[in-house]
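Visitor: Could you have a look at this structure, given as structure tokens, before my questions?
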Amino acid sequence: MEFENRAVAFIDLLGFEALVNAAVRDDRKLSQLDCLIRFLSEAIPMLDASVSSSVATALIPEHIYISDCIILSAPLEATDVDGYDGLSVVVMRAIQLSHYFLKAGYLIRGGISIGKTWHTQSNIVGPAYQEAYSLEHCGNEPIVVLSESAAEWWRKHSYKCFQIDSTKSSQVGLRMCLKRNGKVFVNGLFDQYIADIDQHGKIEEVYGNYANLAGQMLKKELPESALEKWAWFKDFLESESSEGSKWAQA
């Protein structure tokens with residue numbers, strides 16, 4: 001076992017427990033659960049397949065998939081690769097997963113930390129993982145929160161990766177993580193990681209689908225905690241749609 005400095009994300013799929021409980025009694029829910037489990041298991045392999053062959057395998061995030069949780073980690077730094085930053089890679093993956101699961105009608109919540117970690121294909125151990133796991137339980141909002149150390153790293157290192165030579169490049173980094181009510185969190189709605197973004201009107205179409213989804217979920221007889229999450233998401237979607245359009249036109 002050898003610890004190394006890594007960026008670690010613990011991501012939980014919300015609503016899974018209720019579906020599992022219902023699937024025990026309802027064959028229709030069991031079929032839905034079966035489809036969701038396949039969807040979960042395909043998420044990271046699909047994203048890995050889109051990575052350029054020029055990227056070293058060691059720099060592609062390791063992952064473990066357990067029940068409704070996905071655990072990711074990547075080396076925090078790579079001295080032999082210019083511009084590499086593990087935290088920005090993990091944040092990017094969290095955004096991709098947010099869009100991936102929203103397409104299926106689910107919200108995610110989790111935490112991201114940095115620090116000493118040992119991660120293999122079958123296990124993960126280390127203070128950074130423990131902190132990422134604990135952050136998932138902090139608050140009811142459907143967001144992936146950065147630890148204090150990760151937030152500071154983002155401010156000093158990761159954000160600089162996007163400050164190339166244009167205002168828009170700087171804004172890209174700025175919009176990937178946001179700070180509200182004292183929390184720094186991944187912007188799971190960041191539109192630059194929407195699939196097929198080059199298609200005309202794609203962003204508006206996707207955001208419209210998300211708005212319809214939130215409206216439908218808020219009309220269901222869900223537990224109060226779940227309704228609060230969807231209400232928060234609906235408000236965030238409205239604010240992010242407005243903010244995103246401002247800088248996209250800059």
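Ordered as shown in the structure tokens, chains take letters A, B, and onward, while each chain numbers its residues from 1 and ligands are numbered from 1 in the order shown.
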Residues of range 112-226 of chain A in strand (DSSP E) according to DSSP, as a VMD selection string?

Guide: chain A and resid 112 to 119 124 to 125 144 to 146 177 to 180 183 to 186

Visitor: Tell me, as an mmCIF file with C-alpha atoms, in the first residue's frame, which residues lie within 12 Å of Pro61 in chain A, counting only C-alpha atoms; anything in the same chain fewer than 5 positions away does not count.

Guide:
data_model
loop_
_atom_site.group_PDB
_atom_site.id
_atom_site.type_symbol
_atom_site.label_atom_id
_atom_site.label_comp_id
_atom_site.auth_asym_id
_atom_site.auth_seq_id
_atom_site.Cartn_x
_atom_site.Cartn_y
_atom_site.Cartn_z
ATOM 1 C CA ARG A 6 -5.140 12.598 -5.014
ATOM 2 C CA ALA A 7 -8.377 14.447 -5.654
ATOM 3 C CA VAL A 8 -11.253 12.251 -4.469
ATOM 4 C CA ALA A 9 -14.988 12.448 -5.131
ATOM 5 C CA ILE A 44 -17.786 5.838 -16.044
ATOM 6 C CA PRO A 45 -16.805 3.334 -18.768
ATOM 7 C CA LEU A 47 -16.900 8.649 -20.102
ATOM 8 C CA ASP A 48 -13.536 6.855 -20.108
ATOM 9 C CA VAL A 51 -10.896 10.279 -23.351
ATOM 10 C CA VAL A 55 -3.876 10.840 -22.180
ATOM 11 C CA ALA A 56 -1.789 8.595 -19.951
ATOM 12 C CA ILE A 70 -19.546 6.272 -7.527
ATOM 13 C CA ILE A 71 -16.131 6.978 -6.042
ATOM 14 C CA LEU A 72 -13.550 8.751 -8.206
ATOM 15 C CA SER A 73 -9.965 9.775 -7.677
ATOM 16 C CA ALA A 74 -7.115 11.134 -9.766
ATOM 17 C CA PRO A 75 -3.504 12.133 -9.014
ATOM 18 C CA LEU A 76 -3.576 15.706 -7.766
ATOM 19 C CA ASP A 85 -4.552 19.269 -12.462
ATOM 20 C CA GLY A 86 -6.319 16.330 -10.844
ATOM 21 C CA LEU A 87 -8.933 18.380 -9.043
ATOM 22 C CA SER A 88 -10.152 19.970 -12.264
ATOM 23 C CA VAL A 89 -10.386 16.487 -13.822
ATOM 24 C CA VAL A 90 -12.516 15.189 -10.937
ATOM 25 C CA VAL A 91 -14.713 18.318 -10.988
ATOM 26 C CA MET A 92 -15.217 17.831 -14.732
ATOM 27 C CA ARG A 93 -16.270 14.219 -14.167
ATOM 28 C CA ALA A 94 -18.731 15.279 -11.458
ATOM 29 C CA HIS A 119 -6.970 3.725 -4.619
ATOM 30 C CA THR A 120 -7.083 0.453 -6.543
ATOM 31 C CA GLN A 121 -9.718 -1.107 -8.773
#

Visitor: I need the residue nearest Thr117 in chain A from this list: A:Ala214, A:Cys138, A:Met1, A:Leu36. Use only C-alpha atoms for the distance.

Guide: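 Among the listed residues, A:Met1 lies closest to Thr117 in chain A.
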
Visitor: Could you name the residues that touch range 102-111 of chain A at 9 Å or less, counting only C-alpha atoms, but leaving out those on the same chain fewer than 2 positions away, as a short mmCIF file (atom, residue, chain, number, x, y, z; two decimals) with all heavy atoms, in the first residue's frame?

Guide:
data_model
loop_
_atom_site.label_atom_id
_atom_site.label_comp_id
_atom_site.auth_asym_id
_atom_site.auth_seq_id
_atom_site.Cartn_x
_atom_site.Cartn_y
_atom_site.Cartn_z
N VAL A 8 -10.31 13.35 -4.67
CA VAL A 8 -11.25 12.25 -4.47
C VAL A 8 -12.68 12.77 -4.44
O VAL A 8 -12.97 13.78 -3.78
CB VAL A 8 -10.97 11.51 -3.14
CG1 VAL A 8 -11.92 10.34 -2.97
CG2 VAL A 8 -9.53 11.05 -3.07
N ALA A 9 -13.56 12.08 -5.14
CA ALA A 9 -14.99 12.45 -5.13
C ALA A 9 -15.82 11.26 -4.69
O ALA A 9 -15.60 10.13 -5.14
CB ALA A 9 -15.44 12.91 -6.51
N PHE A 10 -16.79 11.52 -3.80
CA PHE A 10 -17.78 10.52 -3.42
C PHE A 10 -19.12 11.06 -3.90
O PHE A 10 -19.56 12.13 -3.47
CB PHE A 10 -17.80 10.32 -1.91
CG PHE A 10 -18.81 9.28 -1.45
CD1 PHE A 10 -18.45 7.95 -1.34
CD2 PHE A 10 -20.11 9.65 -1.17
CE1 PHE A 10 -19.37 7.00 -0.94
CE2 PHE A 10 -21.05 8.71 -0.76
CZ PHE A 10 -20.68 7.37 -0.64
N ILE A 11 -19.77 10.33 -4.82
CA ILE A 11 -21.00 10.81 -5.44
C ILE A 11 -22.12 9.80 -5.22
O ILE A 11 -21.98 8.61 -5.53
CB ILE A 11 -20.79 11.06 -6.95
CG1 ILE A 11 -19.75 12.19 -7.12
CG2 ILE A 11 -22.10 11.41 -7.64
CD1 ILE A 11 -19.35 12.44 -8.55
N ASP A 12 -23.23 10.30 -4.69
CA ASP A 12 -24.37 9.47 -4.33
C ASP A 12 -25.55 9.81 -5.23
O ASP A 12 -25.85 10.99 -5.46
CB ASP A 12 -24.73 9.71 -2.86
CG ASP A 12 -25.88 8.85 -2.39
OD1 ASP A 12 -25.92 7.66 -2.75
OD2 ASP A 12 -26.74 9.37 -1.65
N LEU A 13 -26.23 8.80 -5.72
CA LEU A 13 -27.42 8.99 -6.55
C LEU A 13 -28.64 9.10 -5.64
O LEU A 13 -28.95 8.16 -4.91
CB LEU A 13 -27.58 7.81 -7.51
CG LEU A 13 -28.70 7.90 -8.54
CD1 LEU A 13 -28.41 9.00 -9.56
CD2 LEU A 13 -28.86 6.56 -9.25
N LEU A 14 -29.33 10.23 -5.67
CA LEU A 14 -30.46 10.46 -4.78
C LEU A 14 -31.72 9.75 -5.29
O LEU A 14 -31.96 9.68 -6.49
CB LEU A 14 -30.71 11.95 -4.65
CG LEU A 14 -29.54 12.76 -4.05
CD1 LEU A 14 -29.84 14.25 -4.06
CD2 LEU A 14 -29.24 12.28 -2.63
N GLY A 15 -32.50 9.24 -4.34
CA GLY A 15 -33.74 8.56 -4.68
C GLY A 15 -33.59 7.06 -4.85
O GLY A 15 -34.58 6.35 -5.06
N PHE A 16 -32.38 6.56 -4.74
CA PHE A 16 -32.11 5.14 -4.96
C PHE A 16 -32.72 4.27 -3.86
O PHE A 16 -33.31 3.22 -4.13
CB PHE A 16 -30.60 4.92 -5.04
CG PHE A 16 -30.18 3.53 -5.45
CD1 PHE A 16 -30.14 3.18 -6.80
CD2 PHE A 16 -29.81 2.58 -4.52
CE1 PHE A 16 -29.75 1.91 -7.20
CE2 PHE A 16 -29.42 1.31 -4.90
CZ PHE A 16 -29.39 0.98 -6.25
N LEU A 36 -31.80 1.08 -13.89
CA LEU A 36 -30.98 2.11 -13.27
C LEU A 36 -29.61 1.57 -12.88
O LEU A 36 -28.59 2.26 -13.05
CB LEU A 36 -31.69 2.67 -12.03
CG LEU A 36 -30.93 3.76 -11.25
CD1 LEU A 36 -30.59 4.94 -12.16
CD2 LEU A 36 -31.75 4.22 -10.05
N PHE A 39 -27.55 1.47 -15.87
CA PHE A 39 -27.22 2.85 -16.22
C PHE A 39 -26.06 3.34 -15.37
O PHE A 39 -25.11 3.98 -15.87
CB PHE A 39 -28.45 3.73 -16.02
CG PHE A 39 -28.37 5.09 -16.65
CD1 PHE A 39 -28.34 5.24 -18.04
CD2 PHE A 39 -28.33 6.24 -15.88
CE1 PHE A 39 -28.28 6.48 -18.63
CE2 PHE A 39 -28.27 7.49 -16.46
CZ PHE A 39 -28.25 7.62 -17.83
N LEU A 97 -21.28 13.61 -14.77
CA LEU A 97 -22.19 12.68 -14.12
C LEU A 97 -23.51 13.36 -13.74
O LEU A 97 -24.57 12.73 -13.80
CB LEU A 97 -21.53 12.09 -12.88
CG LEU A 97 -20.42 11.08 -13.15
CD1 LEU A 97 -19.69 10.71 -11.86
CD2 LEU A 97 -20.98 9.81 -13.81
N SER A 98 -23.45 14.62 -13.36
CA SER A 98 -24.67 15.36 -13.04
C SER A 98 -25.59 15.40 -14.25
O SER A 98 -26.79 15.10 -14.16
CB SER A 98 -24.32 16.78 -12.60
OG SER A 98 -25.50 17.53 -12.36
N HIS A 99 -25.05 15.75 -15.41
CA HIS A 99 -25.85 15.77 -16.64
C HIS A 99 -26.33 14.36 -17.01
O HIS A 99 -27.48 14.17 -17.44
CB HIS A 99 -25.04 16.37 -17.79
CG HIS A 99 -24.87 17.85 -17.72
ND1 HIS A 99 -25.93 18.72 -17.81
CD2 HIS A 99 -23.77 18.62 -17.58
CE1 HIS A 99 -25.49 19.97 -17.73
NE2 HIS A 99 -24.18 19.93 -17.58
N TYR A 100 -25.45 13.39 -16.85
CA TYR A 100 -25.76 12.01 -17.20
C TYR A 100 -26.98 11.51 -16.43
O TYR A 100 -27.90 10.91 -17.00
CB TYR A 100 -24.54 11.15 -16.90
CG TYR A 100 -24.67 9.68 -17.21
CD1 TYR A 100 -24.50 9.21 -18.52
CD2 TYR A 100 -24.93 8.75 -16.21
CE1 TYR A 100 -24.59 7.85 -18.81
CE2 TYR A 100 -25.02 7.39 -16.49
CZ TYR A 100 -24.86 6.95 -17.79
OH TYR A 100 -24.95 5.61 -18.07
N SER A 113 -12.65 15.98 -1.97
CA SER A 113 -11.56 16.38 -1.10
C SER A 113 -10.23 16.10 -1.80
O SER A 113 -10.19 15.47 -2.85
CB SER A 113 -11.63 15.62 0.23
OG SER A 113 -10.62 16.06 1.12
N GLU A 131 -13.00 12.16 4.11
CA GLU A 131 -13.57 13.51 4.14
C GLU A 131 -14.60 13.68 3.02
O GLU A 131 -15.67 14.26 3.24
CB GLU A 131 -12.47 14.55 4.00
CG GLU A 131 -12.99 15.98 4.11
CD GLU A 131 -11.89 17.01 4.14
OE1 GLU A 131 -10.86 16.81 3.45
OE2 GLU A 131 -12.04 18.02 4.85
N ALA A 132 -14.30 13.18 1.83
CA ALA A 132 -15.25 13.28 0.72
C ALA A 132 -16.56 12.58 1.08
O ALA A 132 -17.65 13.08 0.80
CB ALA A 132 -14.65 12.68 -0.54
N TYR A 133 -16.45 11.42 1.70
CA TYR A 133 -17.64 10.66 2.11
C TYR A 133 -18.45 11.44 3.13
O TYR A 133 -19.68 11.52 3.04
CB TYR A 133 -17.20 9.32 2.70
CG TYR A 133 -18.34 8.53 3.32
CD1 TYR A 133 -19.22 7.80 2.53
CD2 TYR A 133 -18.52 8.53 4.71
CE1 TYR A 133 -20.27 7.09 3.10
CE2 TYR A 133 -19.56 7.82 5.29
CZ TYR A 133 -20.44 7.11 4.49
OH TYR A 133 -21.47 6.41 5.06
N SER A 134 -17.79 12.04 4.11
CA SER A 134 -18.50 12.77 5.16
C SER A 134 -19.19 14.02 4.61
O SER A 134 -20.25 14.42 5.09
CB SER A 134 -17.55 13.15 6.30
OG SER A 134 -16.57 14.08 5.86
N LEU A 135 -18.60 14.64 3.59
CA LEU A 135 -19.19 15.84 3.01
C LEU A 135 -20.52 15.57 2.34
O LEU A 135 -21.37 16.46 2.24
CB LEU A 135 -18.22 16.45 1.98
CG LEU A 135 -17.00 17.18 2.54
CD1 LEU A 135 -16.02 17.48 1.41
CD2 LEU A 135 -17.42 18.47 3.23
N GLU A 136 -20.73 14.35 1.87
CA GLU A 136 -21.98 14.02 1.19
C GLU A 136 -23.18 14.19 2.11
O GLU A 136 -24.30 14.44 1.65
CB GLU A 136 -21.91 12.57 0.67
CG GLU A 136 -23.00 12.20 -0.31
CD GLU A 136 -24.26 11.68 0.34
OE1 GLU A 136 -24.14 11.00 1.37
OE2 GLU A 136 -25.36 11.95 -0.19
N HIS A 137 -22.96 14.09 3.40
CA HIS A 137 -24.05 14.18 4.36
C HIS A 137 -24.24 15.59 4.92
O HIS A 137 -25.10 15.79 5.79
CB HIS A 137 -23.79 13.21 5.52
CG HIS A 137 -23.59 11.79 5.09
ND1 HIS A 137 -24.61 10.98 4.64
CD2 HIS A 137 -22.46 11.03 4.99
CE1 HIS A 137 -24.13 9.79 4.31
NE2 HIS A 137 -22.82 9.80 4.50
N CYS A 138 -23.47 16.55 4.43
CA CYS A 138 -23.54 17.92 4.95
C CYS A 138 -24.56 18.73 4.15
O CYS A 138 -24.26 19.21 3.05
CB CYS A 138 -22.17 18.59 4.91
SG CYS A 138 -20.95 17.81 5.98
N ASN A 140 -28.81 19.41 2.77
CA ASN A 140 -29.82 18.69 1.98
C ASN A 140 -29.76 19.03 0.50
O ASN A 140 -30.42 18.40 -0.32
CB ASN A 140 -31.22 19.01 2.53
CG ASN A 140 -32.28 18.08 1.98
OD1 ASN A 140 -32.10 16.86 1.97
ND2 ASN A 140 -33.39 18.64 1.51
N GLU A 141 -28.96 20.04 0.14
CA GLU A 141 -28.93 20.46 -1.26
C GLU A 141 -28.33 19.36 -2.15
O GLU A 141 -27.39 18.69 -1.76
CB GLU A 141 -28.08 21.72 -1.43
CG GLU A 141 -28.50 22.89 -0.54
CD GLU A 141 -27.61 22.97 0.69
OE1 GLU A 141 -27.27 21.89 1.24
OE2 GLU A 141 -27.25 24.08 1.09
N PRO A 142 -28.87 19.20 -3.35
CA PRO A 142 -28.33 18.19 -4.29
C PRO A 142 -27.09 18.72 -5.01
O PRO A 142 -27.11 19.02 -6.20
CB PRO A 142 -29.50 17.97 -5.25
CG PRO A 142 -30.20 19.29 -5.28
CD PRO A 142 -30.08 19.85 -3.89
N ILE A 143 -26.00 18.84 -4.26
CA ILE A 143 -24.76 19.40 -4.81
C ILE A 143 -23.57 18.54 -4.39
O ILE A 143 -23.65 17.77 -3.44
CB ILE A 143 -24.52 20.85 -4.34
CG1 ILE A 143 -24.53 20.93 -2.81
CG2 ILE A 143 -25.54 21.79 -4.95
CD1 ILE A 143 -24.24 22.32 -2.25
N VAL A 144 -22.46 18.69 -5.11
CA VAL A 144 -21.20 18.04 -4.76
C VAL A 144 -20.30 19.12 -4.18
O VAL A 144 -19.84 20.01 -4.90
CB VAL A 144 -20.55 17.38 -6.00
CG1 VAL A 144 -19.22 16.74 -5.62
CG2 VAL A 144 -21.49 16.34 -6.60
N VAL A 145 -20.07 19.05 -2.88
CA VAL A 145 -19.38 20.10 -2.14
C VAL A 145 -17.87 19.85 -2.10
O VAL A 145 -17.43 18.71 -1.95
CB VAL A 145 -19.91 20.18 -0.69
CG1 VAL A 145 -19.24 21.31 0.07
CG2 VAL A 145 -21.41 20.36 -0.69
N LEU A 146 -17.10 20.92 -2.22
CA LEU A 146 -15.65 20.82 -2.08
C LEU A 146 -15.27 21.04 -0.62
O LEU A 146 -15.83 21.91 0.06
CB LEU A 146 -14.93 21.87 -2.94
CG LEU A 146 -14.61 21.48 -4.40
CD1 LEU A 146 -15.89 21.28 -5.19
CD2 LEU A 146 -13.75 22.55 -5.05
N SER A 147 -14.31 20.26 -0.14
CA SER A 147 -13.78 20.48 1.20
C SER A 147 -13.05 21.83 1.23
O SER A 147 -12.78 22.42 0.18
CB SER A 147 -12.81 19.37 1.59
OG SER A 147 -11.63 19.44 0.78
N PHE A 185 -19.07 24.53 -4.37
CA PHE A 185 -19.59 23.28 -4.90
C PHE A 185 -19.49 23.23 -6.41
O PHE A 185 -19.36 24.26 -7.09
CB PHE A 185 -21.05 23.07 -4.47
CG PHE A 185 -22.01 24.13 -4.95
CD1 PHE A 185 -22.75 23.95 -6.11
CD2 PHE A 185 -22.18 25.30 -4.23
CE1 PHE A 185 -23.64 24.91 -6.55
CE2 PHE A 185 -23.06 26.28 -4.66
CZ PHE A 185 -23.79 26.09 -5.83
N GLY A 188 -23.10 21.54 -11.28
CA GLY A 188 -23.55 20.38 -12.03
C GLY A 188 -24.33 20.71 -13.28
O GLY A 188 -24.59 19.83 -14.10
N VAL A 206 -31.76 21.20 -23.47
CA VAL A 206 -31.44 20.41 -22.27
C VAL A 206 -31.96 21.10 -21.02
O VAL A 206 -32.59 20.46 -20.16
CB VAL A 206 -29.92 20.18 -22.17
CG1 VAL A 206 -29.55 19.59 -20.81
CG2 VAL A 206 -29.46 19.25 -23.29
N ASN A 209 -35.61 20.63 -20.75
CA ASN A 209 -35.94 19.27 -20.27
C ASN A 209 -35.76 19.18 -18.76
O ASN A 209 -36.57 18.55 -18.06
CB ASN A 209 -35.06 18.24 -20.96
CG ASN A 209 -35.39 18.07 -22.43
OD1 ASN A 209 -36.49 18.41 -22.87
ND2 ASN A 209 -34.44 17.54 -23.19
N TYR A 210 -34.69 19.80 -18.24
CA TYR A 210 -34.47 19.79 -16.80
C TYR A 210 -35.58 20.52 -16.06
O TYR A 210 -36.04 20.09 -14.99
CB TYR A 210 -33.12 20.44 -16.46
CG TYR A 210 -31.90 19.68 -16.92
CD1 TYR A 210 -30.64 20.30 -16.92
CD2 TYR A 210 -31.97 18.37 -17.37
CE1 TYR A 210 -29.50 19.61 -17.33
CE2 TYR A 210 -30.84 17.69 -17.79
CZ TYR A 210 -29.61 18.31 -17.77
OH TYR A 210 -28.48 17.64 -18.19
N LEU A 213 -38.59 18.34 -15.96
CA LEU A 213 -38.37 17.27 -14.99
C LEU A 213 -38.63 17.77 -13.58
O LEU A 213 -39.33 17.11 -12.79
CB LEU A 213 -36.94 16.75 -15.12
CG LEU A 213 -36.46 15.78 -14.03
CD1 LEU A 213 -37.28 14.49 -14.06
CD2 LEU A 213 -34.97 15.47 -14.20
N ALA A 214 -38.05 18.92 -13.23
CA ALA A 214 -38.23 19.47 -11.89
C ALA A 214 -39.71 19.74 -11.61
O ALA A 214 -40.21 19.46 -10.52
CB ALA A 214 -37.42 20.75 -11.74
N MET A 217 -41.46 16.43 -10.92
CA MET A 217 -41.10 15.85 -9.63
C MET A 217 -41.77 16.59 -8.48
O MET A 217 -42.16 15.98 -7.47
CB MET A 217 -39.58 15.85 -9.46
CG MET A 217 -38.82 15.03 -10.49
SD MET A 217 -39.33 13.29 -10.58
CE MET A 217 -38.70 12.69 -9.02
N LYS A 229 -35.22 19.08 -2.21
CA LYS A 229 -34.09 18.96 -3.14
C LYS A 229 -34.49 19.42 -4.54
O LYS A 229 -33.74 20.14 -5.21
CB LYS A 229 -33.58 17.53 -3.18
CG LYS A 229 -32.91 17.04 -1.90
CD LYS A 229 -32.44 15.61 -2.07
CE LYS A 229 -31.73 15.09 -0.82
NZ LYS A 229 -32.66 14.93 0.32
N TRP A 230 -35.67 18.99 -4.99
CA TRP A 230 -36.10 19.37 -6.33
C TRP A 230 -36.46 20.86 -6.41
O TRP A 230 -36.24 21.50 -7.45
CB TRP A 230 -37.29 18.51 -6.77
CG TRP A 230 -36.85 17.16 -7.23
CD1 TRP A 230 -37.00 15.96 -6.59
CD2 TRP A 230 -36.15 16.86 -8.45
NE1 TRP A 230 -36.43 14.95 -7.32
CE2 TRP A 230 -35.90 15.46 -8.46
CE3 TRP A 230 -35.70 17.63 -9.52
CZ2 TRP A 230 -35.24 14.83 -9.52
CZ3 TRP A 230 -35.03 17.00 -10.57
CH2 TRP A 230 -34.81 15.63 -10.56
N PHE A 233 -33.17 22.59 -6.69
CA PHE A 233 -32.65 22.42 -8.05
C PHE A 233 -33.38 23.32 -9.04
O PHE A 233 -32.75 23.93 -9.91
CB PHE A 233 -32.80 20.95 -8.48
CG PHE A 233 -32.46 20.72 -9.93
CD1 PHE A 233 -31.14 20.68 -10.35
CD2 PHE A 233 -33.46 20.58 -10.88
CE1 PHE A 233 -30.81 20.49 -11.69
CE2 PHE A 233 -33.15 20.39 -12.22
CZ PHE A 233 -31.82 20.35 -12.62
#

Visitor: Residues within 10 Å of range 235-242 of chain A, please, as a ChimeraX atom specification. Count only C-alpha atoms; anything in the same chain fewer than 2 positions from it doesn't count.

Guide: /A:175,187-191,203-204,207-208,210-211,214,230-233,244-247

Visitor: Can you list, as an MDAnalysis selection string, every residue of range 93-227 of chain A that DSSP puts in alpha helix (DSSP H)?

Guide: chainID A and resid 93:103 127:135 148:153 167:176 202:218 224:227

Visitor: Could you turn the residues from that selection into a file that holds C-alpha atoms, as a CSV table (one decimal), in the first residue's frame?

Guide:
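The resulting part.csv:
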chain,number,residue,atom,x,y,z
A,93,ARG,CA,-16.3,14.2,-14.2
A,94,ALA,CA,-18.7,15.3,-11.5
A,95,ILE,CA,-20.3,17.7,-13.9
A,96,GLN,CA,-20.5,15.1,-16.6
A,97,LEU,CA,-22.2,12.7,-14.1
A,98,SER,CA,-24.7,15.4,-13.0
A,99,HIS,CA,-25.9,15.8,-16.6
A,100,TYR,CA,-25.8,12.0,-17.2
A,101,PHE,CA,-28.1,11.3,-14.3
A,102,LEU,CA,-30.4,14.3,-14.8
A,103,LYS,CA,-31.0,12.9,-18.3
A,127,PRO,CA,-8.2,10.7,4.9
A,128,ALA,CA,-9.2,12.4,1.6
A,129,TYR,CA,-11.7,9.6,0.9
A,130,GLN,CA,-13.1,9.7,4.4
A,131,GLU,CA,-13.6,13.5,4.1
A,132,ALA,CA,-15.3,13.3,0.7
A,133,TYR,CA,-17.6,10.7,2.1
A,134,SER,CA,-18.5,12.8,5.2
A,135,LEU,CA,-19.2,15.8,3.0
A,148,GLU,CA,-12.0,23.6,2.5
A,149,SER,CA,-8.7,22.3,1.2
A,150,ALA,CA,-10.1,21.4,-2.2
A,151,ALA,CA,-11.8,24.8,-2.4
A,152,GLU,CA,-8.5,26.5,-1.6
A,153,TRP,CA,-6.7,24.3,-4.2
A,167,THR,CA,-12.3,36.4,-20.9
A,168,LYS,CA,-14.4,33.5,-21.9
A,169,SER,CA,-11.7,31.0,-21.0
A,170,SER,CA,-11.5,32.5,-17.5
A,171,GLN,CA,-15.3,32.4,-17.2
A,172,VAL,CA,-15.3,28.7,-18.0
A,173,GLY,CA,-13.1,28.0,-15.0
A,174,LEU,CA,-15.2,30.3,-12.9
A,175,ARG,CA,-18.5,28.6,-13.8
A,176,MET,CA,-17.3,25.1,-13.1
A,202,LYS,CA,-28.8,22.1,-27.6
A,203,ILE,CA,-28.2,24.0,-24.3
A,204,GLU,CA,-31.7,25.5,-24.3
A,205,GLU,CA,-33.3,22.2,-25.1
A,206,VAL,CA,-31.4,20.4,-22.3
A,207,TYR,CA,-32.2,23.1,-19.7
A,208,GLY,CA,-35.9,23.0,-20.9
A,209,ASN,CA,-35.9,19.3,-20.3
A,210,TYR,CA,-34.5,19.8,-16.8
A,211,ALA,CA,-37.1,22.4,-16.0
A,212,ASN,CA,-39.9,20.0,-17.1
A,213,LEU,CA,-38.4,17.3,-15.0
A,214,ALA,CA,-38.2,19.5,-11.9
A,215,GLY,CA,-41.8,20.6,-12.4
A,216,GLN,CA,-43.0,17.0,-12.7
A,217,MET,CA,-41.1,15.8,-9.6
A,218,LEU,CA,-42.5,18.7,-7.5
A,224,GLU,CA,-40.6,16.4,2.1
A,225,SER,CA,-36.8,16.0,1.9
A,226,ALA,CA,-37.0,15.0,-1.7
A,227,LEU,CA,-39.3,17.8,-2.6

Visitor: What is the distance, in Å and to one decimal place, between CA of Trp118 in chain A and CA of Phe3 in chain A?

Guide: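 CA of Phe3 in chain A lies 4.8 Å from CA of Trp118 in chain A.
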